[in-house]
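One file, data.txt, carrying compact mmCIF, C-alpha atoms:
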```txt
# COMPACT_ATOMS: atom_id res chain seq x y z
CA MET O 1 -222.10 -113.88 27.92
CA PRO O 2 -224.79 -114.85 25.37
CA LYS O 3 -225.87 -118.47 25.45
CA GLU O 4 -224.08 -120.52 22.82
CA ILE O 5 -226.28 -121.34 19.83
CA ASN O 6 -226.80 -125.07 19.34
CA LYS O 7 -229.14 -127.52 17.61
CA ASP O 8 -231.79 -126.98 20.32
CA THR O 9 -231.80 -123.18 20.08
CA GLN O 10 -235.30 -121.91 19.26
CA LEU O 11 -235.60 -119.13 16.70
CA CYS O 12 -238.11 -116.30 16.95
CA MET O 13 -238.32 -113.61 14.30
CA SER O 14 -240.17 -110.61 12.96
CA LEU O 15 -241.58 -109.80 9.53
CA SER O 16 -241.80 -106.13 8.64
CA GLY O 17 -241.77 -103.92 5.60
CA ARG O 18 -239.11 -101.84 7.34
CA PRO O 19 -237.27 -104.00 9.90
CA GLY O 20 -235.96 -102.24 12.97
CA ASN O 21 -233.79 -103.21 15.92
CA PHE O 22 -236.20 -102.70 18.82
CA GLY O 23 -237.71 -106.19 18.86
CA THR O 24 -234.38 -107.87 18.20
CA ARG O 25 -232.65 -106.06 21.04
CA PHE O 26 -235.62 -106.38 23.42
CA HIS O 27 -236.16 -110.12 23.03
CA ASN O 28 -232.49 -111.09 22.91
CA TYR O 29 -231.81 -109.03 26.05
CA LEU O 30 -234.50 -110.99 27.90
CA TYR O 31 -233.35 -114.34 26.53
CA GLN O 32 -229.86 -113.65 27.85
CA ALA O 33 -231.05 -112.27 31.20
CA LEU O 34 -233.28 -115.31 31.80
CA ASP O 35 -230.76 -117.82 30.38
CA LEU O 36 -233.16 -119.07 27.70
CA ASN O 37 -231.98 -121.01 24.66
CA PHE O 38 -233.67 -118.66 22.17
CA ILE O 39 -232.50 -116.20 19.54
CA TYR O 40 -234.44 -113.45 17.76
CA LYS O 41 -233.83 -112.01 14.28
CA ALA O 42 -235.64 -109.41 12.17
CA PHE O 43 -236.53 -110.10 8.52
CA SER O 44 -238.42 -108.54 5.64
CA THR O 45 -240.01 -110.26 2.67
CA LYS O 46 -241.69 -109.68 -0.67
CA ASP O 47 -243.50 -113.02 -0.46
CA ILE O 48 -245.58 -113.24 2.71
CA GLU O 49 -247.05 -116.64 1.81
CA ALA O 50 -243.61 -118.22 1.43
CA ALA O 51 -242.38 -116.50 4.60
CA VAL O 52 -245.24 -117.85 6.72
CA LYS O 53 -244.83 -121.31 5.21
CA GLY O 54 -241.15 -121.07 6.16
CA VAL O 55 -242.11 -120.38 9.79
CA ARG O 56 -244.04 -123.65 9.78
CA ALA O 57 -241.56 -125.71 7.75
CA LEU O 58 -238.47 -124.66 9.72
CA GLY O 59 -240.04 -124.95 13.14
CA ILE O 60 -239.58 -121.28 13.96
CA ARG O 61 -241.17 -120.84 17.38
CA GLY O 62 -242.63 -117.35 17.03
CA CYS O 63 -243.01 -114.55 14.53
CA ALA O 64 -243.89 -110.92 15.12
CA VAL O 65 -245.78 -109.33 12.23
CA SER O 66 -245.66 -105.62 11.35
CA MET O 67 -246.88 -103.39 8.53
CA PRO O 68 -247.76 -104.25 5.79
CA PHE O 69 -248.30 -107.93 6.63
CA LYS O 70 -250.79 -107.82 9.54
CA GLU O 71 -253.76 -108.73 7.36
CA ALA O 72 -251.98 -110.31 4.39
CA CYS O 73 -250.66 -113.20 6.51
CA ILE O 74 -254.07 -114.38 7.73
CA PRO O 75 -254.94 -116.76 4.84
CA PHE O 76 -251.81 -118.81 5.58
CA LEU O 77 -252.46 -119.38 9.30
CA ASP O 78 -254.30 -122.21 11.05
CA GLU O 79 -256.04 -120.57 14.01
CA LEU O 80 -256.82 -117.02 15.12
CA ASP O 81 -257.02 -116.13 18.80
CA PRO O 82 -260.04 -113.92 19.67
CA SER O 83 -257.65 -110.94 19.96
CA ALA O 84 -256.89 -111.32 16.24
CA THR O 85 -260.28 -112.58 15.08
CA ALA O 86 -262.13 -109.57 16.46
CA ILE O 87 -260.16 -107.13 14.33
CA GLN O 88 -258.91 -109.42 11.56
CA SER O 89 -255.37 -108.23 12.16
CA VAL O 90 -252.35 -110.23 13.34
CA ASN O 91 -249.12 -109.12 14.96
CA THR O 92 -247.97 -112.39 16.53
CA ILE O 93 -247.72 -115.95 15.21
CA VAL O 94 -246.93 -118.86 17.54
CA ASN O 95 -245.84 -122.18 16.07
CA ASP O 96 -246.96 -125.16 18.16
CA ASP O 97 -245.57 -128.25 16.43
CA GLY O 98 -246.52 -126.97 12.99
CA VAL O 99 -249.84 -125.40 13.97
CA LEU O 100 -249.70 -121.64 13.44
CA ARG O 101 -251.84 -119.66 15.90
CA ALA O 102 -252.24 -115.91 15.52
CA TYR O 103 -252.72 -113.20 18.15
CA ASN O 104 -252.81 -109.42 18.35
CA THR O 105 -250.88 -107.99 21.28
CA ASP O 106 -251.02 -104.41 19.90
CA TYR O 107 -254.59 -104.17 21.20
CA ILE O 108 -253.47 -105.13 24.71
CA ALA O 109 -250.62 -102.60 24.69
CA VAL O 110 -252.78 -99.67 23.54
CA ALA O 111 -255.47 -100.45 26.12
CA LYS O 112 -252.87 -100.52 28.91
CA LEU O 113 -251.33 -97.21 27.84
CA LEU O 114 -254.68 -95.41 27.70
CA ASP O 115 -255.26 -96.55 31.29
CA GLN O 116 -251.71 -95.81 32.40
CA TYR O 117 -251.85 -92.21 31.15
CA GLN O 118 -255.43 -91.79 32.39
CA VAL O 119 -256.61 -90.29 29.13
CA PRO O 120 -260.12 -88.91 29.79
CA ARG O 121 -262.76 -91.12 28.18
CA ASP O 122 -264.77 -88.09 27.06
CA ALA O 123 -261.85 -86.92 24.93
CA VAL O 124 -262.58 -86.55 21.21
CA PHE O 125 -259.89 -88.17 19.08
CA ALA O 126 -258.67 -88.14 15.49
CA LEU O 127 -256.78 -91.20 14.29
CA ARG O 128 -254.83 -91.09 11.03
CA GLY O 129 -254.58 -94.42 9.23
CA SER O 130 -256.84 -97.33 8.34
CA GLY O 131 -254.55 -100.37 8.03
CA GLY O 132 -254.04 -103.39 10.26
CA MET O 133 -252.49 -101.45 13.12
CA GLY O 134 -255.29 -98.93 12.83
CA LYS O 135 -257.84 -101.67 13.51
CA ALA O 136 -256.08 -102.74 16.70
CA VAL O 137 -255.79 -99.18 17.98
CA VAL O 138 -259.35 -98.16 17.11
CA ALA O 139 -260.73 -101.33 18.72
CA ALA O 140 -258.78 -100.62 21.92
CA ILE O 141 -259.95 -97.00 21.95
CA ARG O 142 -263.59 -98.00 21.40
CA ASP O 143 -263.47 -100.72 24.05
CA ALA O 144 -261.86 -98.29 26.50
CA GLY O 145 -264.99 -96.14 26.31
CA PHE O 146 -264.18 -93.31 23.90
CA LYS O 147 -267.49 -92.27 22.35
CA LYS O 148 -266.57 -89.66 19.74
CA GLY O 149 -263.77 -89.78 17.21
CA TYR O 150 -262.72 -89.49 13.60
CA ILE O 151 -260.84 -91.85 11.32
CA ILE O 152 -258.63 -89.76 9.03
CA ALA O 153 -257.72 -91.69 5.89
CA ARG O 154 -257.01 -90.77 2.30
CA ASN O 155 -258.40 -94.13 1.22
CA GLU O 156 -262.12 -93.47 1.50
CA GLN O 157 -263.13 -97.11 1.19
CA THR O 158 -260.97 -98.42 4.03
CA GLY O 159 -261.41 -95.27 6.10
CA ARG O 160 -265.21 -95.34 5.93
CA ALA O 161 -265.27 -99.08 6.61
CA LEU O 162 -263.08 -98.77 9.71
CA ALA O 163 -265.06 -95.81 11.03
CA ALA O 164 -268.39 -97.55 10.47
CA GLU O 165 -267.24 -100.79 12.08
CA TYR O 166 -266.36 -99.07 15.35
CA GLY O 167 -268.99 -96.33 15.39
CA TYR O 168 -266.91 -93.31 14.45
CA GLU O 169 -266.83 -90.82 11.57
CA TRP O 170 -264.56 -90.85 8.52
CA LYS O 171 -262.89 -87.76 7.11
CA SER O 172 -260.25 -87.44 4.41
CA ASP O 173 -258.39 -84.84 6.46
CA VAL O 174 -258.52 -83.25 9.89
CA GLY O 175 -259.25 -79.80 8.50
CA ASP O 176 -260.38 -77.44 11.24
CA LEU O 177 -261.57 -80.16 13.62
CA ALA O 178 -260.87 -79.45 17.29
CA VAL O 179 -259.92 -82.75 18.94
CA ASP O 180 -258.40 -83.65 22.29
CA MET O 181 -256.27 -86.64 21.28
CA LEU O 182 -254.33 -87.20 18.05
CA VAL O 183 -253.27 -90.73 17.12
CA ASN O 184 -250.94 -91.63 14.24
CA VAL O 185 -250.96 -95.21 12.95
CA THR O 186 -249.41 -94.48 9.55
CA PRO O 187 -245.71 -94.75 8.56
CA ILE O 188 -245.46 -90.94 8.58
CA GLY O 189 -242.46 -90.05 10.72
CA MET O 190 -240.92 -93.53 10.62
CA ALA O 191 -237.13 -93.40 10.40
CA GLY O 192 -235.87 -94.50 6.99
CA GLY O 193 -239.24 -94.01 5.33
CA ALA O 194 -240.24 -91.63 2.57
CA GLU O 195 -241.92 -89.33 5.11
CA ALA O 196 -239.40 -89.68 7.95
CA ASP O 197 -239.25 -85.92 8.56
CA ALA O 198 -242.96 -85.22 8.13
CA LEU O 199 -245.54 -84.42 10.80
CA ALA O 200 -248.54 -86.73 10.81
CA PHE O 201 -250.76 -83.74 11.64
CA GLU O 202 -250.51 -80.04 10.87
CA PRO O 203 -248.96 -77.90 13.66
CA ALA O 204 -252.21 -75.97 14.16
CA VAL O 205 -254.09 -79.24 14.73
CA ILE O 206 -251.52 -80.43 17.27
CA ASP O 207 -251.67 -77.08 19.05
CA ARG O 208 -255.41 -77.58 19.67
CA ALA O 209 -254.97 -81.08 21.12
CA SER O 210 -253.90 -82.12 24.61
CA VAL O 211 -252.69 -85.69 23.96
CA VAL O 212 -250.39 -86.84 21.15
CA PHE O 213 -250.14 -90.60 20.58
CA ASP O 214 -247.75 -91.80 17.86
CA VAL O 215 -247.82 -95.57 17.40
CA VAL O 216 -244.77 -95.46 15.10
CA ALA O 217 -241.83 -97.10 16.87
CA SER O 218 -238.99 -95.20 15.26
CA ALA O 219 -235.34 -94.76 16.08
CA GLY O 220 -235.44 -91.72 18.34
CA GLU O 221 -238.53 -89.55 18.71
CA THR O 222 -240.77 -89.06 15.68
CA PRO O 223 -241.39 -85.50 14.43
CA LEU O 224 -244.91 -85.71 15.90
CA ILE O 225 -243.65 -86.68 19.34
CA ARG O 226 -240.91 -84.02 19.26
CA TYR O 227 -243.43 -81.35 18.35
CA GLY O 228 -245.84 -82.57 21.01
CA ILE O 229 -243.16 -82.36 23.69
CA LYS O 230 -242.15 -78.89 22.51
CA GLN O 231 -245.77 -77.78 22.86
CA SER O 232 -246.06 -79.37 26.34
CA LYS O 233 -248.59 -81.99 25.25
CA GLN O 234 -249.03 -85.33 26.96
CA VAL O 235 -247.25 -87.77 24.66
CA ILE O 236 -247.54 -91.54 24.26
CA THR O 237 -244.85 -93.06 22.07
CA GLY O 238 -244.57 -95.96 19.70
CA TYR O 239 -241.71 -97.33 21.76
CA GLU O 240 -244.09 -97.71 24.70
CA VAL O 241 -246.49 -99.64 22.49
CA ALA O 242 -243.63 -101.72 21.12
CA ALA O 243 -242.36 -102.63 24.59
CA LEU O 244 -245.74 -103.60 26.01
CA GLN O 245 -246.81 -105.67 23.02
CA ALA O 246 -243.36 -107.30 22.87
CA VAL O 247 -243.71 -108.45 26.48
CA GLU O 248 -246.95 -110.24 25.60
CA GLN O 249 -245.22 -111.82 22.59
CA PHE O 250 -242.33 -112.91 24.78
CA VAL O 251 -244.74 -114.67 27.13
CA LEU O 252 -246.47 -116.45 24.23
CA TYR O 253 -243.12 -117.62 22.81
CA THR O 254 -241.41 -118.70 26.03
CA GLY O 255 -244.12 -119.24 28.64
CA GLN O 256 -242.27 -116.91 31.01
CA ARG O 257 -243.26 -113.39 32.14
CA PRO O 258 -240.28 -111.19 33.09
CA SER O 259 -240.42 -108.95 36.14
CA ASP O 260 -241.39 -105.30 35.66
CA GLU O 261 -237.83 -104.27 36.52
CA LEU O 262 -236.37 -106.57 33.87
CA ILE O 263 -238.89 -105.35 31.28
CA LYS O 264 -237.82 -101.75 31.94
CA LYS O 265 -234.17 -102.70 31.49
CA ALA O 266 -234.94 -104.55 28.24
CA ALA O 267 -236.93 -101.59 26.88
CA ALA O 268 -234.14 -99.17 27.79
CA HIS O 269 -231.59 -101.42 26.12
CA ALA O 270 -233.74 -101.73 23.00
CA SER O 271 -234.28 -97.98 22.79
CA ALA O 272 -230.63 -97.02 23.29
```
So that I can check it, write out the structure of this file as structure tokens.
Amino acid sequence: MPKEINKDTQLCMSLSGRPGNFGTRFHNYLYQALDLNFIYKAFSTKDIEAAVKGVRALGIRGCAVSMPFKEACIPFLDELDPSATAIQSVNTIVNDDGVLRAYNTDYIAVAKLLDQYQVPRDAVFALRGSGGMGKAVVAAIRDAGFKKGYIIARNEQTGRALAAEYGYEWKSDVGDLAVDMLVNVTPIGMAGGAEADALAFEPAVIDRASVVFDVVASAGETPLIRYGIKQSKQVITGYEVAALQAVEQFVLYTGQRPSDELIKKAAAHASA
């Protein structure tokens, strides 16, 4: 049975443009399994400043931050951990007695997955997107040792800036590039979005690649992941990113690290 909510129950939450159930189900499963007096709830907002001030004012213990608030929240925080400072992008806020400290656990998750799947470091990649999540993913890819890659972004200003910062090349579209790994960090393919049924890359581009990495954590498999599986590509999913980064958030919020077995059960529950 879930622990009864009382005056001492600590609230953790998420802020997202398109709230989903993964984080809510993942964290609450672990709270119950470990008998912790916590509860987790997903929210959206049109006023990020007021939302962050509410985290402080109401004593909310932790807050996960998703698109489009990863950069917009920074001016309203007190301290940035090096994981967030390095890429100027936040996905986790921890409230310590009114002091809001920011972290980025997306970076950690992507780095672990590249190692776990043993993606060759000489692979050439194309990454679509140039927002806050894009920064975390590109930083992890660069630090993992990938030397050649392309940032694909319609916004030339942000695309060029991101590419230049990490030593890669900007292009407005993939075109006829032959790359080994495709990475999507845009909302394309996200359930409930305007492009929920769209592929983040053209079929011919996917056919030439060997690894498909979709950071979008969507209900079910995204069109990109489904197509990658159909074409027998190695796939890395947004749910895997979501689970790994959520574990790091859980540790920051509670001070406890669940066992690997319990993490697998929580991720399966959240994905069901």
Q: Take atom CA of O:Gly59 and atom CA of O:Pro258 and report the distance between them in Å, one decimal.
A: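 These two atoms are separated by 24.2 Å.
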Tell me, as a short mmCIF file (atom, residue, chain, number, x, y, z; two decimals) with C-alpha atoms, keeping the file's coordinate frame, which residues lie within 8 Å of stretch 251-253 of chain O, counting only C-alpha atoms; anything in the same chain fewer than 2 positions away does not count.
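Output file around-v7.cif follows:
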```cif
data_model
loop_
_atom_site.label_atom_id
_atom_site.label_comp_id
_atom_site.auth_asym_id
_atom_site.auth_seq_id
_atom_site.Cartn_x
_atom_site.Cartn_y
_atom_site.Cartn_z
CA CYS O 12 -238.11 -116.30 16.95
CA ARG O 61 -241.17 -120.84 17.38
CA GLY O 62 -242.63 -117.35 17.03
CA VAL O 94 -246.93 -118.86 17.54
CA VAL O 247 -243.71 -108.45 26.48
CA GLU O 248 -246.95 -110.24 25.60
CA GLN O 249 -245.22 -111.82 22.59
CA GLY O 255 -244.12 -119.24 28.64
CA GLN O 256 -242.27 -116.91 31.01
CA ARG O 257 -243.26 -113.39 32.14
#
```
Q. With all atoms listed in the file as the atoms that count, which of O:Ser89, O:Gly193, O:Ala144, O:Ala136 lies nearest to O:Pro19?
A.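 Comparing O:Ser89, O:Gly193, O:Ala144, O:Ala136 against O:Pro19, the winner is O:Gly193.
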Q) Which of these, O:Val185, O:Val179, O:Ala86, O:Ala200, has the shortest distance to O:Asp143 once you count only C-alpha atoms? A)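 The answer is O:Ala86, which sits nearest to O:Asp143.
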Q | Between atom CA of O:Asp78 and atom CA of O:Ala102 - distance in Å to one decimal | A | 8.0 Å
Q.
Would you compute the distance between atom CA of O:Met67 and atom CA of O:Tyr40? Give it in Å to one decimal.
A.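 About the pair atom CA of O:Met67 and atom CA of O:Tyr40: they are 18.5 Å apart.
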Q.
So that I can check the surroundings of stretch 151-153 of chain O, please list as number ranges by chain every protein, DNA and RNA residue that reaches within 9 Å of it, counting all atoms listed in the file and ignoring chain neighbours fewer than 6 positions away.
A. O: 125-130, 138, 159-160, 162-163, 168-174
**Q.** Distance criterion (all atoms listed in the file): nearest to O:Ala267 out of O:Ile48, O:Ala246, O:Ala123, O:Val215
**A.**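 Result for the nearest residue to O:Ala267: O:Ala246.
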Q. What's the 8 Å shell around O:Ile141, counting only C-alpha atoms, without same-chain residues fewer than 4 positions away, as a PyMOL selection string?
A. chain O and resi 110-111+114+137+145-146
Selected residues written out with C-alpha atoms, as an mmCIF file, in the coordinates of the input:
```cif
data_model
loop_
_atom_site.group_PDB
_atom_site.id
_atom_site.type_symbol
_atom_site.label_atom_id
_atom_site.label_comp_id
_atom_site.auth_asym_id
_atom_site.auth_seq_id
_atom_site.Cartn_x
_atom_site.Cartn_y
_atom_site.Cartn_z
ATOM 1 C CA VAL O 110 -252.780 -99.670 23.540
ATOM 2 C CA ALA O 111 -255.470 -100.450 26.120
ATOM 3 C CA LEU O 114 -254.680 -95.410 27.700
ATOM 4 C CA VAL O 137 -255.790 -99.180 17.980
ATOM 5 C CA GLY O 145 -264.990 -96.140 26.310
ATOM 6 C CA PHE O 146 -264.180 -93.310 23.900
#
```
**Q.** Nearest to O:Gly20, chosen from O:Leu177, O:Ala270, O:Leu34, O:Ile206, with only C-alpha atoms counted in the distances
**A.**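 The shortest atom-to-atom distance to O:Gly20 comes from O:Ala270.
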Q) With all atoms listed in the file as the basis for distance, which of O:Arg154, O:Lys265, O:Lys148, O:Arg142 is at the shortest distance from O:Ala178? A)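 Of O:Arg154, O:Lys265, O:Lys148, O:Arg142, the one nearest O:Ala178, counting all atoms listed in the file, is O:Lys148.
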Q: Using only C-alpha atoms, collect all residues at a distance of at most 12 Å from (-239.9, -97.1, 16.8) as written in the file, then present them as a ChimeraX atom specification.
A: /O:18-23,66,185,187-193,196,214-223,225,237-243,267,270-272
Q: Rank nothing, just name the residue among O:Arg208, O:Arg56, O:Lys70, O:Lys147 nearest to O:Ala84, using all atoms listed in the file.
A: O:Lys70
Q) Using all atoms listed in the file, which residues sit within 9 Å of O:Thr45 once same-chain residues fewer than 2 positions away are excluded, as a VMD selection string? A) chain O and resid 15 to 17 43 47 to 48 50 to 51
Complete stretch 168-192 of chain O with N, CA and C atoms (output as a CSV table (one decimal), in the frame of the given file).
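Final output, saved to rebuild.csv:
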```
chain,number,residue,atom,x,y,z
O,168,TYR,N,-267.5,-94.6,14.5
O,168,TYR,CA,-266.9,-93.3,14.4
O,168,TYR,C,-267.2,-92.7,13.1
O,169,GLU,N,-266.6,-91.5,12.8
O,169,GLU,CA,-266.8,-90.8,11.6
O,169,GLU,C,-265.6,-90.8,10.7
O,170,TRP,N,-265.7,-90.9,9.4
O,170,TRP,CA,-264.6,-90.8,8.5
O,170,TRP,C,-264.4,-89.5,7.9
O,171,LYS,N,-263.2,-89.0,7.8
O,171,LYS,CA,-262.9,-87.8,7.1
O,171,LYS,C,-261.6,-88.0,6.3
O,172,SER,N,-261.5,-87.3,5.2
O,172,SER,CA,-260.2,-87.4,4.4
O,172,SER,C,-259.1,-86.7,5.0
O,173,ASP,N,-259.4,-85.6,5.8
O,173,ASP,CA,-258.4,-84.8,6.5
O,173,ASP,C,-259.0,-84.2,7.7
O,174,VAL,N,-258.1,-83.8,8.6
O,174,VAL,CA,-258.5,-83.2,9.9
O,174,VAL,C,-259.2,-81.9,9.7
O,175,GLY,N,-258.7,-81.1,8.8
O,175,GLY,CA,-259.2,-79.8,8.5
O,175,GLY,C,-259.2,-78.9,9.7
O,176,ASP,N,-260.3,-78.3,10.1
O,176,ASP,CA,-260.4,-77.4,11.2
O,176,ASP,C,-261.0,-78.1,12.5
O,177,LEU,N,-261.0,-79.4,12.5
O,177,LEU,CA,-261.6,-80.2,13.6
O,177,LEU,C,-260.8,-79.8,14.9
O,178,ALA,N,-261.5,-79.6,16.0
O,178,ALA,CA,-260.9,-79.4,17.3
O,178,ALA,C,-261.0,-80.8,18.1
O,179,VAL,N,-259.9,-81.5,18.2
O,179,VAL,CA,-259.9,-82.8,18.9
O,179,VAL,C,-259.0,-82.7,20.1
O,180,ASP,N,-259.2,-83.6,21.1
O,180,ASP,CA,-258.4,-83.6,22.3
O,180,ASP,C,-257.2,-84.6,22.2
O,181,MET,N,-257.3,-85.7,21.4
O,181,MET,CA,-256.3,-86.6,21.3
O,181,MET,C,-256.0,-87.0,19.8
O,182,LEU,N,-254.8,-86.9,19.4
O,182,LEU,CA,-254.3,-87.2,18.0
O,182,LEU,C,-253.6,-88.5,18.1
O,183,VAL,N,-253.9,-89.4,17.2
O,183,VAL,CA,-253.3,-90.7,17.1
O,183,VAL,C,-252.8,-91.0,15.7
O,184,ASN,N,-251.5,-91.3,15.5
O,184,ASN,CA,-250.9,-91.6,14.2
O,184,ASN,C,-250.6,-93.1,14.2
O,185,VAL,N,-251.3,-93.8,13.2
O,185,VAL,CA,-251.0,-95.2,13.0
O,185,VAL,C,-250.5,-95.4,11.5
O,186,THR,N,-250.0,-94.4,10.9
O,186,THR,CA,-249.4,-94.5,9.6
O,186,THR,C,-247.9,-94.5,9.6
O,187,PRO,N,-247.2,-94.8,8.5
O,187,PRO,CA,-245.7,-94.8,8.6
O,187,PRO,C,-245.1,-93.3,8.6
O,188,ILE,N,-246.0,-92.3,8.6
O,188,ILE,CA,-245.5,-90.9,8.6
O,188,ILE,C,-244.6,-90.7,9.8
O,189,GLY,N,-243.4,-90.3,9.6
O,189,GLY,CA,-242.5,-90.0,10.7
O,189,GLY,C,-241.6,-91.2,11.0
O,190,MET,N,-241.7,-92.3,10.4
O,190,MET,CA,-240.9,-93.5,10.6
O,190,MET,C,-239.5,-93.3,10.0
O,191,ALA,N,-238.5,-93.6,10.8
O,191,ALA,CA,-237.1,-93.4,10.4
O,191,ALA,C,-236.8,-94.3,9.2
O,192,GLY,N,-236.2,-93.7,8.2
O,192,GLY,CA,-235.9,-94.5,7.0
O,192,GLY,C,-237.0,-94.5,5.9
```
